[in-house]
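Structure file entry12.cif with mmCIF, C-alpha atoms and all ligand atoms:
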```
data_my_file
loop_
_atom_site.label_atom_id
_atom_site.label_comp_id
_atom_site.auth_asym_id
_atom_site.auth_seq_id
_atom_site.Cartn_x
_atom_site.Cartn_y
_atom_site.Cartn_z
CA MET A 5 0.00 0.00 0.00
CA ILE A 6 1.00 3.66 -0.32
CA ILE A 7 1.24 5.07 3.21
CA GLU A 8 0.81 8.75 3.89
CA PRO A 9 0.92 10.65 7.18
CA LYS A 10 -2.46 11.13 8.81
CA THR A 11 -2.10 13.53 11.69
CA ARG A 12 -4.50 14.46 14.43
CA GLY A 13 -2.99 17.15 16.68
CA PHE A 14 0.28 15.86 18.07
CA ILE A 15 -0.44 12.31 16.99
CA CYS A 16 0.20 10.67 13.65
CA LEU A 17 -2.09 7.73 13.02
CA THR A 18 0.05 6.09 10.36
CA ALA A 19 3.68 5.05 10.13
CA HIS A 20 5.93 4.15 7.21
CA PRO A 21 7.94 0.94 7.51
CA MET A 22 10.70 1.96 5.11
CA GLY A 23 11.12 5.33 6.84
CA CYS A 24 11.33 3.60 10.22
CA GLU A 25 13.87 1.17 8.76
CA GLN A 26 15.99 4.01 7.45
CA ASN A 27 15.82 5.82 10.81
CA VAL A 28 17.03 2.72 12.61
CA LYS A 29 19.81 2.19 10.07
CA ASN A 30 20.93 5.82 10.41
CA GLN A 31 21.12 5.46 14.19
CA ILE A 32 23.07 2.22 13.91
CA GLU A 33 25.45 3.85 11.45
CA TYR A 34 26.02 6.76 13.82
CA VAL A 35 26.81 4.51 16.79
CA LYS A 36 29.17 2.32 14.76
CA LYS A 37 31.05 5.34 13.44
CA LYS A 38 31.57 6.63 16.98
CA GLY A 39 33.42 3.42 17.88
CA VAL A 40 33.34 0.72 20.51
CA ILE A 41 32.05 1.46 24.01
CA ASN A 42 33.22 -0.89 26.75
CA GLY A 43 29.67 -1.16 28.14
CA ALA A 44 27.22 -3.69 29.47
CA LYS A 45 26.83 -7.03 27.66
CA ASN A 46 23.34 -8.16 28.70
CA VAL A 47 20.88 -5.30 28.57
CA LEU A 48 17.17 -4.96 29.25
CA VAL A 49 15.50 -1.83 27.86
CA ILE A 50 12.01 -1.03 29.14
CA GLY A 51 10.38 1.36 26.65
CA ALA A 52 12.71 0.19 23.89
CA SER A 53 10.85 0.95 20.69
CA THR A 54 11.06 4.73 20.17
CA GLY A 55 12.84 7.84 21.44
CA PHE A 56 15.53 7.51 24.10
CA GLY A 57 14.79 3.84 24.77
CA LEU A 58 15.33 2.82 21.14
CA ALA A 59 18.52 4.88 21.05
CA SER A 60 19.66 3.08 24.23
CA ARG A 61 18.98 -0.32 22.72
CA ILE A 62 20.84 0.59 19.53
CA THR A 63 23.80 2.03 21.46
CA SER A 64 24.04 -1.07 23.65
CA ALA A 65 23.84 -3.46 20.73
CA PHE A 66 25.95 -1.70 18.14
CA GLY A 67 28.26 0.25 20.47
CA SER A 68 29.00 -2.52 22.98
CA GLY A 69 27.95 -5.69 21.14
CA ALA A 70 25.31 -6.31 23.81
CA SER A 71 22.57 -8.90 23.82
CA THR A 72 19.36 -6.92 24.27
CA ILE A 73 15.83 -7.62 25.39
CA GLY A 74 13.40 -4.82 24.57
CA VAL A 75 10.01 -4.32 26.23
CA PHE A 76 7.47 -1.92 24.70
CA PHE A 77 3.79 -1.46 23.96
CA ASP A 78 3.13 -1.24 20.23
CA LYS A 79 0.54 -2.17 17.65
CA PRO A 80 1.34 -4.61 14.87
CA ALA A 81 0.00 -3.91 11.38
CA SER A 82 -3.13 -5.45 10.00
CA GLU A 83 -4.16 -5.62 6.33
CA GLY A 84 -4.37 -1.99 5.10
CA ARG A 85 -3.43 -0.56 8.52
CA PRO A 86 0.19 0.22 9.27
CA ALA A 87 1.81 -0.75 12.58
CA SER A 88 2.82 1.83 15.17
CA PRO A 89 6.32 3.22 14.55
CA GLY A 90 7.82 1.41 17.55
CA PHE A 91 6.73 -1.90 16.07
CA TYR A 92 8.46 -1.17 12.75
CA ASN A 93 11.53 0.25 14.52
CA THR A 94 11.89 -2.94 16.54
CA ALA A 95 11.34 -5.21 13.56
CA PHE A 96 14.19 -3.54 11.67
CA PHE A 97 16.39 -3.21 14.76
CA GLU A 98 16.16 -6.96 15.34
CA LYS A 99 16.84 -7.66 11.68
CA GLU A 100 20.01 -5.57 11.72
CA ALA A 101 21.12 -7.00 15.09
CA HIS A 102 20.62 -10.59 13.92
CA LYS A 103 22.59 -9.85 10.73
CA GLU A 104 25.58 -9.09 12.95
CA GLY A 105 25.04 -12.14 15.11
CA LEU A 106 23.73 -10.14 18.06
CA TYR A 107 21.08 -11.60 20.35
CA ALA A 108 17.94 -9.42 20.27
CA LYS A 109 14.51 -10.46 21.47
CA SER A 110 11.45 -8.39 22.24
CA ILE A 111 8.35 -8.44 24.42
CA ASN A 112 5.32 -6.45 23.32
CA GLY A 113 2.89 -5.67 26.13
CA ASP A 114 2.15 -3.57 29.19
CA ALA A 115 5.40 -3.18 31.14
CA PHE A 116 3.43 -2.10 34.21
CA SER A 117 1.78 -5.53 34.46
CA ASN A 118 2.95 -8.57 36.42
CA GLU A 119 2.47 -10.75 33.31
CA ILE A 120 4.98 -8.83 31.21
CA LYS A 121 7.48 -8.75 34.09
CA GLN A 122 7.10 -12.53 34.42
CA GLN A 123 7.55 -13.06 30.66
CA THR A 124 10.70 -10.97 30.78
CA ILE A 125 12.06 -12.94 33.74
CA ASN A 126 11.46 -16.20 31.91
CA LEU A 127 13.22 -14.93 28.82
CA ILE A 128 16.24 -13.70 30.81
CA LYS A 129 16.46 -17.02 32.67
CA ASN A 130 16.24 -19.06 29.49
CA ASP A 131 18.49 -17.00 27.28
CA LEU A 132 20.80 -14.63 29.14
CA GLY A 133 21.25 -15.71 32.72
CA LYS A 134 21.95 -12.33 34.25
CA ILE A 135 21.49 -8.71 33.27
CA ASP A 136 24.19 -5.98 33.57
CA LEU A 137 22.11 -2.96 32.68
CA VAL A 138 18.44 -2.02 32.78
CA ILE A 139 17.39 1.16 30.97
CA TYR A 140 14.00 2.41 32.12
CA SER A 141 12.58 4.67 29.41
CA LEU A 142 8.81 4.43 29.65
CA ALA A 143 6.63 7.38 28.68
CA SER A 144 2.98 6.58 29.13
CA PRO A 145 -0.22 8.49 29.81
CA VAL A 146 -1.81 5.65 31.82
CA ARG A 147 -0.89 2.86 34.23
CA VAL A 148 -3.00 0.08 35.60
CA HIS A 149 -1.58 -0.80 38.99
CA PRO A 150 -0.57 -4.49 39.00
CA GLU A 151 -1.77 -5.15 42.55
CA THR A 152 -4.88 -3.00 42.93
CA GLY A 153 -6.08 -2.85 39.32
CA VAL A 154 -6.59 0.91 39.70
CA ARG A 155 -6.13 2.78 36.41
CA TYR A 156 -4.12 5.99 36.86
CA LYS A 157 -4.01 8.75 34.23
CA SER A 158 -1.18 11.25 34.17
CA VAL A 159 -1.83 14.91 33.37
CA LEU A 160 0.42 17.75 32.27
CA LYS A 161 -0.73 20.59 34.47
CA PRO A 162 0.82 23.36 36.54
CA ILE A 163 0.45 23.20 40.32
CA GLY A 164 -1.16 25.93 42.40
CA GLU A 165 -2.18 28.43 39.76
CA GLU A 166 -3.17 28.65 36.12
CA PHE A 167 -0.21 29.01 33.76
CA THR A 168 -0.43 31.21 30.68
CA ASN A 169 2.31 31.43 28.11
CA LYS A 170 3.04 31.17 24.41
CA THR A 171 2.85 27.97 22.48
CA VAL A 172 2.97 26.97 18.82
CA ASP A 173 0.83 24.71 16.70
CA PHE A 174 3.78 23.18 14.88
CA HIS A 175 1.64 22.06 11.93
CA THR A 176 0.50 25.60 11.07
CA GLY A 177 3.23 27.67 12.75
CA THR A 178 0.62 29.69 14.62
CA VAL A 179 1.98 31.14 17.84
CA SER A 180 -0.73 31.75 20.40
CA GLU A 181 -1.27 32.06 24.09
CA VAL A 182 -2.32 28.98 25.98
CA SER A 183 -3.71 28.84 29.50
CA ILE A 184 -3.50 25.62 31.44
CA LYS A 185 -5.65 25.13 34.50
CA PRO A 186 -3.85 23.95 37.64
CA ALA A 187 -3.94 20.39 38.93
CA GLU A 188 -6.94 19.47 40.99
CA GLY A 189 -8.16 16.47 42.97
CA ASP A 190 -5.79 13.52 42.64
CA ASP A 191 -3.99 14.86 39.55
CA ILE A 192 -0.59 14.99 41.22
CA GLU A 193 -0.82 11.54 42.85
CA ASN A 194 -2.12 10.02 39.63
CA THR A 195 0.71 11.48 37.55
CA VAL A 196 3.28 10.28 40.08
CA ALA A 197 1.68 6.81 39.99
CA VAL A 198 2.17 6.66 36.21
CA MET A 199 5.48 8.45 35.60
CA GLY A 200 7.15 8.28 39.04
CA GLY A 201 9.55 5.62 40.28
CA GLU A 202 7.25 2.90 41.67
CA ASP A 203 7.23 0.73 38.57
CA TRP A 204 10.98 1.16 38.01
CA LYS A 205 11.60 -0.10 41.56
CA LEU A 206 9.15 -2.97 41.06
CA TRP A 207 11.10 -4.10 38.00
CA ILE A 208 14.44 -3.99 39.79
CA ASP A 209 13.06 -5.64 42.96
CA THR A 210 11.57 -8.43 40.87
CA LEU A 211 14.76 -9.02 38.90
CA LYS A 212 16.84 -8.96 42.11
CA ASN A 213 14.52 -11.40 43.90
CA GLU A 214 14.93 -13.77 40.97
CA ASP A 215 18.73 -13.39 41.22
CA LEU A 216 18.96 -12.06 37.68
CA LEU A 217 21.20 -9.05 38.35
CA ALA A 218 24.93 -9.35 37.67
CA ASP A 219 27.59 -7.93 40.00
CA ASP A 220 28.20 -4.22 39.27
CA PHE A 221 24.72 -4.04 37.80
CA LYS A 222 23.52 -0.58 36.71
CA THR A 223 20.08 0.78 36.02
CA VAL A 224 19.33 4.15 34.46
CA ALA A 225 16.02 6.03 34.15
CA TYR A 226 15.56 9.24 32.18
CA SER A 227 14.44 12.59 33.49
CA TYR A 228 14.16 16.18 32.35
CA VAL A 229 14.79 19.53 34.01
CA GLY A 230 14.58 22.31 31.39
CA PRO A 231 14.57 26.09 31.74
CA LYS A 232 12.66 28.57 33.90
CA LEU A 233 10.39 29.23 30.92
CA THR A 234 8.79 25.80 30.97
CA GLU A 235 9.03 25.23 34.74
CA PRO A 236 5.35 25.82 35.60
CA VAL A 237 4.18 23.19 33.12
CA TYR A 238 7.13 20.83 33.41
CA ARG A 239 9.49 20.70 36.36
CA LYS A 240 7.20 22.45 38.82
CA GLY A 241 4.07 20.89 37.35
CA THR A 242 2.50 17.48 37.81
CA ILE A 243 5.07 15.74 35.57
CA GLY A 244 7.87 17.41 37.55
CA ARG A 245 6.48 15.82 40.73
CA ALA A 246 6.65 12.46 39.00
CA LYS A 247 10.26 13.16 37.99
CA ASP A 248 11.06 14.18 41.60
CA ASP A 249 9.69 10.81 42.66
CA LEU A 250 11.66 8.97 39.95
CA GLU A 251 14.85 10.74 41.02
CA ALA A 252 14.26 9.93 44.71
CA THR A 253 13.63 6.29 43.76
CA ALA A 254 17.15 6.01 42.33
CA PHE A 255 18.55 6.36 45.87
CA LYS A 256 16.17 3.71 47.22
CA ILE A 257 17.11 1.27 44.47
CA SER A 258 20.82 1.96 45.00
CA ASP A 259 20.43 1.13 48.70
CA ASP A 260 18.82 -2.19 47.81
CA LEU A 261 21.59 -2.98 45.34
CA LYS A 262 24.52 -2.35 47.69
CA GLU A 263 25.09 -6.05 48.38
CA ILE A 264 25.76 -6.77 44.68
CA GLY A 265 27.68 -3.53 44.12
CA GLY A 266 24.87 -2.28 41.89
CA LYS A 267 23.68 1.27 41.40
CA ALA A 268 20.68 3.17 40.07
CA TYR A 269 21.09 6.44 38.19
CA VAL A 270 18.87 9.07 36.73
CA SER A 271 20.15 10.77 33.60
CA VAL A 272 18.72 14.19 32.83
CA ASN A 273 18.41 14.32 29.07
CA LYS A 274 17.93 17.09 26.53
CA ALA A 275 14.52 18.24 25.27
CA LEU A 276 13.81 16.42 22.02
CA VAL A 277 10.93 15.86 19.67
CA THR A 278 9.40 12.52 20.59
CA GLN A 279 5.83 11.32 20.84
CA ALA A 280 5.92 12.08 24.58
CA SER A 281 7.23 15.66 24.34
CA SER A 282 4.97 16.75 21.45
CA ALA A 283 2.02 16.35 23.81
CA ILE A 284 3.18 18.99 26.30
CA PRO A 285 1.92 22.53 25.66
CA VAL A 286 4.58 25.29 25.44
CA ILE A 287 7.40 22.73 24.94
CA PRO A 288 7.18 22.65 21.10
CA LEU A 289 7.82 26.41 20.92
CA TYR A 290 10.71 26.11 23.35
CA ILE A 291 12.16 23.21 21.35
CA SER A 292 11.91 25.01 18.03
CA LEU A 293 13.82 28.02 19.42
CA LEU A 294 16.32 25.77 21.21
CA PHE A 295 17.04 23.73 18.09
CA LYS A 296 17.67 26.85 16.01
CA ILE A 297 20.27 28.09 18.48
CA MET A 298 21.91 24.72 19.10
CA LYS A 299 22.14 24.03 15.37
CA GLU A 300 23.70 27.45 14.75
CA LYS A 301 26.27 26.72 17.44
CA GLY A 302 26.92 23.24 15.99
CA ILE A 303 25.93 21.53 19.28
CA HIS A 304 22.52 20.10 18.35
CA GLU A 305 21.87 16.47 19.27
CA GLY A 306 19.05 13.98 18.67
CA CYS A 307 18.21 10.91 20.78
CA ILE A 308 21.03 8.80 19.39
CA GLU A 309 23.70 11.47 19.85
CA GLN A 310 22.48 12.04 23.42
CA ILE A 311 22.54 8.38 24.38
CA GLN A 312 25.80 7.59 22.59
CA ARG A 313 27.37 10.43 24.59
CA LEU A 314 25.67 9.28 27.80
CA TYR A 315 27.24 5.84 27.39
CA SER A 316 30.68 6.86 26.12
CA GLU A 317 31.28 9.97 28.25
CA ARG A 318 29.35 9.26 31.45
CA LEU A 319 28.30 5.64 32.09
CA PHE A 320 31.15 3.57 30.68
CA THR A 321 34.34 5.62 30.87
CA GLY A 322 35.89 3.39 33.53
CA ASN A 323 36.01 6.41 35.86
CA GLU A 324 33.57 7.54 38.49
CA ILE A 325 30.36 8.83 36.92
CA PRO A 326 30.08 12.61 37.37
CA LEU A 327 26.86 13.64 39.12
CA ASP A 328 25.22 16.97 39.90
CA GLU A 329 24.40 18.24 43.40
CA LYS A 330 21.23 16.14 43.38
CA GLY A 331 23.06 12.97 42.40
CA ARG A 332 21.93 12.97 38.76
CA ILE A 333 23.85 12.44 35.53
CA ARG A 334 23.59 15.54 33.32
CA ILE A 335 23.65 14.97 29.58
CA ASP A 336 21.48 18.06 29.08
CA ASP A 337 24.59 20.14 29.72
CA LEU A 338 24.65 21.71 26.26
CA GLU A 339 20.94 22.62 26.33
CA MET A 340 21.27 24.16 29.79
CA SER A 341 24.45 26.15 29.11
CA THR A 342 24.04 29.83 30.00
CA ASP A 343 24.61 31.22 26.52
CA VAL A 344 22.05 28.87 24.93
CA GLN A 345 19.44 29.61 27.59
CA GLU A 346 19.97 33.37 27.40
CA GLU A 347 19.42 33.31 23.67
CA VAL A 348 16.29 31.16 23.95
CA ALA A 349 14.83 33.51 26.58
CA LYS A 350 15.45 36.50 24.30
CA LEU A 351 13.90 34.85 21.25
CA TRP A 352 10.97 33.67 23.36
CA GLU A 353 9.96 37.31 23.95
CA GLU A 354 10.16 38.06 20.23
CA ALA A 355 8.46 34.94 18.83
CA THR A 356 5.31 35.50 16.79
CA THR A 357 3.48 33.60 14.06
CA GLU A 358 5.07 35.94 11.52
CA ASN A 359 8.71 35.53 12.56
CA LEU A 360 8.88 32.00 14.02
CA SER A 361 9.92 30.31 10.80
CA LYS A 362 12.90 32.70 10.73
CA ILE A 363 13.94 32.96 14.38
CA GLY A 364 13.00 29.37 15.29
CA ASP A 365 13.54 25.97 13.73
CA LEU A 366 9.93 25.20 12.99
CA GLU A 367 10.91 23.20 9.90
CA GLY A 368 13.31 21.12 11.98
CA TYR A 369 10.59 20.47 14.55
CA LYS A 370 8.09 19.39 11.92
CA ASN A 371 10.64 17.25 10.19
CA ASP A 372 11.60 15.51 13.43
CA PHE A 373 7.93 14.96 14.23
CA PHE A 374 7.23 13.31 10.88
CA ASN A 375 10.49 11.35 11.12
CA LEU A 376 9.18 9.73 14.33
CA PHE A 377 6.60 7.99 12.17
CA GLY A 378 8.98 7.21 9.33
CA PHE A 379 7.88 10.10 7.12
CA LYS A 380 10.04 12.77 5.40
CA VAL A 381 13.07 10.53 5.84
CA LYS A 382 15.83 11.12 3.29
CA GLY A 383 16.31 8.35 0.77
CA VAL A 384 12.84 6.84 1.12
CA ASP A 385 10.56 6.66 -1.93
CA TYR A 386 7.10 7.39 -0.56
CA ASP A 387 5.40 6.83 -3.92
CA LYS A 388 6.46 3.20 -3.89
CA ASP A 389 4.03 0.51 -2.86
CA VAL A 390 5.14 -1.02 0.44
CA ASN A 391 4.12 -4.05 2.43
CA GLU A 392 2.70 -2.78 5.71
CA LEU A 393 2.71 -6.27 7.22
CA VAL A 394 6.17 -6.40 8.77
CA ASN A 395 6.90 -8.85 11.60
CA ILE A 396 9.24 -8.58 14.52
CA PRO A 397 11.44 -11.69 14.04
CA SER A 398 11.49 -12.76 17.71
CA LEU A 399 7.71 -12.38 18.02
CA GLN A 400 6.80 -14.54 15.05
P1 LIG B 1 8.69 7.82 23.65
O1 LIG B 1 7.24 8.09 23.65
O2 LIG B 1 9.47 8.00 22.41
O3 LIG B 1 8.96 6.28 24.13
C1 LIG B 1 8.21 5.65 25.10
C2 LIG B 1 8.46 4.15 25.09
O4 LIG B 1 7.68 3.58 26.15
C3 LIG B 1 8.01 3.42 23.81
O5 LIG B 1 8.92 2.37 23.52
C4 LIG B 1 6.66 2.82 24.19
O6 LIG B 1 6.31 1.64 23.48
C5 LIG B 1 6.93 2.48 25.64
N1 LIG B 1 5.72 2.33 26.45
C6 LIG B 1 4.77 3.25 26.74
N2 LIG B 1 3.83 2.71 27.55
C7 LIG B 1 4.21 1.43 27.79
C8 LIG B 1 3.66 0.36 28.54
N3 LIG B 1 2.57 0.48 29.26
N4 LIG B 1 4.32 -0.82 28.50
C9 LIG B 1 5.45 -1.01 27.79
N5 LIG B 1 6.03 -0.02 27.07
C10 LIG B 1 5.40 1.18 27.06
O7 LIG B 1 9.28 8.65 24.88
P2 LIG B 1 10.67 9.39 25.17
O8 LIG B 1 10.50 10.83 24.91
O9 LIG B 1 11.81 8.65 24.59
O10 LIG B 1 10.69 9.26 26.76
C11 LIG B 1 11.39 8.26 27.46
C12 LIG B 1 11.83 8.84 28.80
O11 LIG B 1 12.72 9.93 28.57
C13 LIG B 1 10.65 9.39 29.63
O12 LIG B 1 10.87 9.11 30.98
C14 LIG B 1 10.75 10.89 29.38
O13 LIG B 1 10.20 11.65 30.42
C15 LIG B 1 12.27 11.05 29.32
N6 LIG B 1 12.74 12.29 28.69
C16 LIG B 1 12.21 12.74 27.51
C17 LIG B 1 12.64 13.93 26.96
C18 LIG B 1 12.08 14.45 25.68
O14 LIG B 1 12.28 15.63 25.39
N7 LIG B 1 11.44 13.65 24.88
C19 LIG B 1 13.69 14.73 27.63
C20 LIG B 1 14.25 14.12 28.80
C21 LIG B 1 13.76 12.95 29.32
#
```
Give the structure from the file, written as structure tokens.
Amino acid sequence: MIIEPKTRGFICLTAHPMGCEQNVKNQIEYVKKKGVINGAKNVLVIGASTGFGLASRITSAFGSGASTIGVFFDKPASEGRPASPGFYNTAFFEKEAHKEGLYAKSINGDAFSNEIKQQTINLIKNDLGKIDLVIYSLASPVRVHPETGVRYKSVLKPIGEEFTNKTVDFHTGTVSEVSIKPAEGDDIENTVAVMGGEDWKLWIDTLKNEDLLADDFKTVAYSYVGPKLTEPVYRKGTIGRAKDDLEATAFKISDDLKEIGGKAYVSVNKALVTQASSAIPVIPLYISLLFKIMKEKGIHEGCIEQIQRLYSERLFTGNEIPLDEKGRIRIDDLEMSTDVQEEVAKLWEEATTENLSKIGDLEGYKNDFFNLFGFKVKGVDYDKDVNELVNIPSLQ
């Protein structure tokens, strides 16, 4: 079939297999070119099919020759209906990994559930023995609690008072003011239940109880800080509370891992266009200004550049891992540098519908957004008939 993008707001309902394949190949190429990383050999990535999780899986496999198990929640294709991008990404990732003789198997289902944790345990026991590294990279709007069955929904709201600021509709380029009502009722608790650290700890506790963690085991979850500009809706909003909880959980997990010399880290990553970040009001305008400046300075990075640098310059250097005053790894250092932030703040004041395509990188934003779904990828012929029914080898 011929597959075209069908967007609804910040969601794209279709995905292109060949574009996803090319994206995966480009990321693999990048990691290989950067050279060998003396990293973990048996790696579990939770949230492995898109964004930072996919980049982590690719960096582990093609940077360190790791065997990888990826857990994610994606839709396979049906006749005339393309799969979700994470499904295609994983299918082509596995294909490339297997070509190089690398072990790569995947589990598609709800990572918050006991069933998927059990399936993962069985797979590790059967195939890998022990795990050296767990990357926790879930981004989800909902979580059904495995014990109580309660369904929590996360929200992206400020806390205390309404927040009004500029935002952009990245499809049309229209800059407008948006007002977001503050959290009410159980909004904060619900968001923490979905995006906080409880499930991360459950995963590590379960793996430890089953004796599946190797000596010197590491686990890393991803967080975000960002600038003053986005604080009310991000770091000081409901999602920020969840990130506070995630960050605090790293210390709890580290305590539990002392006996095996293991450690849990949070890495604060750069703002990037992913399915998760497109959904947050105000952030797309910030990102389009940020990208313009970082590209002009030659310091722009995407997910793969971020994670390759996280592995090669922070996690696996052989030296002590540098941490900030709150005990976090910072790979958002370039985004947060004073000169970059001063320039973004200045442009923020000036940004209008009329000038955004000039002073911001709206094109780059849009392009990255469509790339997430395998569209607008260089070298792909979108007029060509493609088979939407692609399988993930290990799930066949
Ligand atoms: P993403 O939306 O690209 O990836 C999310 C992954 O989680 C996908 O593989 C998806 O299949 C999986 N997933 C979602 N719900 C699941 C479920 N119930 N069971 C199993 N898998 C499930 O997200 P992105 O942006 O890569 O985010 C990953 C982490 O990085 C999040 O913690 C996010 O807060 C953090 N982060 C994101 C930044 C950004 O700008 N995008 C910046 C800094 C941190």
> Once you count only C-alpha atoms and all ligand atoms, which residues end up within 7 Å of ligand LIG 1 (chain B), and could you hand them over as a VMD selection string?
Replying inline: chain A and resid 50 to 58 75 to 78 90 113 to 116 141 to 144 147 225 to 228 272 to 281
List every residue of region 61-89 of chain A that has an atom at most 10 Å from any atom of region 40-43 of chain A, giving for each one its closest atom pair and the distance in Å to one decimal, counting only C-alpha atoms, sorted by chain and then by ascending residue number, as a tab-separated table.
```
residue	atom	partner	partner_atom	distance
A:Thr63	CA	A:Ile41	CA	8.7
A:Ser64	CA	A:Gly43	CA	7.2
A:Ala65	CA	A:Gly43	CA	9.7
A:Phe66	CA	A:Val40	CA	8.1
A:Gly67	CA	A:Val40	CA	5.1
A:Ser68	CA	A:Ile41	CA	5.1
A:Gly69	CA	A:Val40	CA	8.4
A:Ala70	CA	A:Gly43	CA	8.0
```
Take the selection from the previous step and output its residues with C-alpha atoms, as a PDB file, in the frame of the given file.
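That gives us result.pdb:
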```
ATOM      1  CA  THR A  63      23.800   2.030  21.460  1.00  0.00           C
ATOM      2  CA  SER A  64      24.040  -1.070  23.650  1.00  0.00           C
ATOM      3  CA  ALA A  65      23.840  -3.460  20.730  1.00  0.00           C
ATOM      4  CA  PHE A  66      25.950  -1.700  18.140  1.00  0.00           C
ATOM      5  CA  GLY A  67      28.260   0.250  20.470  1.00  0.00           C
ATOM      6  CA  SER A  68      29.000  -2.520  22.980  1.00  0.00           C
ATOM      7  CA  GLY A  69      27.950  -5.690  21.140  1.00  0.00           C
ATOM      8  CA  ALA A  70      25.310  -6.310  23.810  1.00  0.00           C
TER       9      ALA A  70
END
```
> Quick one: of A:Pro236, A:Asp219, A:Ile243, A:Pro145, who's nearest to Glu193 (chain A), counting only C-alpha atoms?
Replying inline: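 The answer is A:Ile243, which sits nearest to Glu193 (chain A).
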> For Gly74 (chain A), which residue out of A:Arg239, A:Thr18, A:Gly244, A:Leu399 is the nearest one, using all atoms listed in the file?
Replying inline: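 Comparing A:Arg239, A:Thr18, A:Gly244, A:Leu399 against Gly74 (chain A), the winner is A:Leu399.
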>> What's the separation between CA of Tyr269 (chain A) and CA of Gln312 (chain A), in Å to one decimal place?
In response: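 CA of Tyr269 (chain A) sits 16.3 Å away from CA of Gln312 (chain A).
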> Pick from A:Thr171, A:Gln122, A:Asn395, A:Gln400: nearest to Ser88 (chain A), with all atoms listed in the file counted?
Replying inline: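 Looking only at the distances to Ser88 (chain A), the closest residue turns out to be A:Asn395.
The spacing separating CA of Thr124 (chain A) from CA of Thr94 (chain A) amounts to 16.4 Å.
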>> Restricting the calculation to all atoms listed in the file: of A:Asp385, A:Glu309, A:Asp249, A:Glu151, which residue gets closest to Met22 (chain A)?
In response: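 Among the listed residues, A:Asp385 lies closest to Met22 (chain A).
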Taking all listed atoms of region 21-25 of chain A, build the axis-aligned box, pad each of the six sides by 4 Å, then write its centre and edge lengths in Å to one decimal as JSON.
```
{"center_x": 10.9, "center_y": 3.1, "center_z": 7.7, "size_x": 13.9, "size_y": 12.4, "size_z": 13.1}
```
> Near region 257-261 of chain A, within 12 Å and counting all atoms listed in the file, which residues show up once chain neighbours fewer than 3 positions away are dropped, as an MDAnalysis selection string?
Replying inline: chainID A and resid 201:213 215 217:225 250:254 264:270 331
> Which residue out of A:Phe167, A:Phe174, A:Phe320, A:Phe255 has the minimum interatomic distance to Ala187 (chain A) when all atoms listed in the file are used?
Replying inline: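 Looking at the shortest contact to Ala187 (chain A), the residue is A:Phe167.
With all atoms listed in the file as the basis for measurement, A:Ala19 is the residue among A:Lys121, A:Ala19, A:Ala108, A:Val179 that approaches Phe373 (chain A) most closely.
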>> Between CA of Ile32 (chain A) and CA of Ala101 (chain A), what distance in Å does the model show, to one decimal?
In response: 9.5 Å
Excluding same-chain residues fewer than 6 positions from Asp365 (chain A), what lies within 7 Å of it counting only C-alpha atoms, as a compact mmCIF listing (two decimals) with C-alpha atoms, in the frame of the given file?
```txt
# COMPACT_ATOMS: atom_id res chain seq x y z
CA SER A 292 11.91 25.01 18.03
CA LEU A 293 13.82 28.02 19.42
CA PHE A 295 17.04 23.73 18.09
CA LYS A 296 17.67 26.85 16.01
```
Excluding Phe374 (chain A) and residues on its chain fewer than 6 positions from it, collect all residues at most 9 Å away from it, counting only C-alpha atoms, and give them as a compact mmCIF listing (two decimals) with C-alpha atoms, in the frame of the given file.
```txt
# COMPACT_ATOMS: atom_id res chain seq x y z
CA PRO A 9 0.92 10.65 7.18
CA CYS A 16 0.20 10.67 13.65
CA LYS A 380 10.04 12.77 5.40
CA VAL A 381 13.07 10.53 5.84
```
Long-range neighbours of Asp389 (chain A) as a PDB file with C-alpha atoms, in the frame of the given file, 9 Å cut-off, only C-alpha atoms, 5 positions minimum in chain:
```
ATOM      1  CA  MET A   5       0.000   0.000   0.000  1.00  0.00           C
ATOM      2  CA  ILE A   6       1.000   3.660  -0.320  1.00  0.00           C
ATOM      3  CA  ILE A   7       1.240   5.070   3.210  1.00  0.00           C
TER       4      ILE A   7
END
```
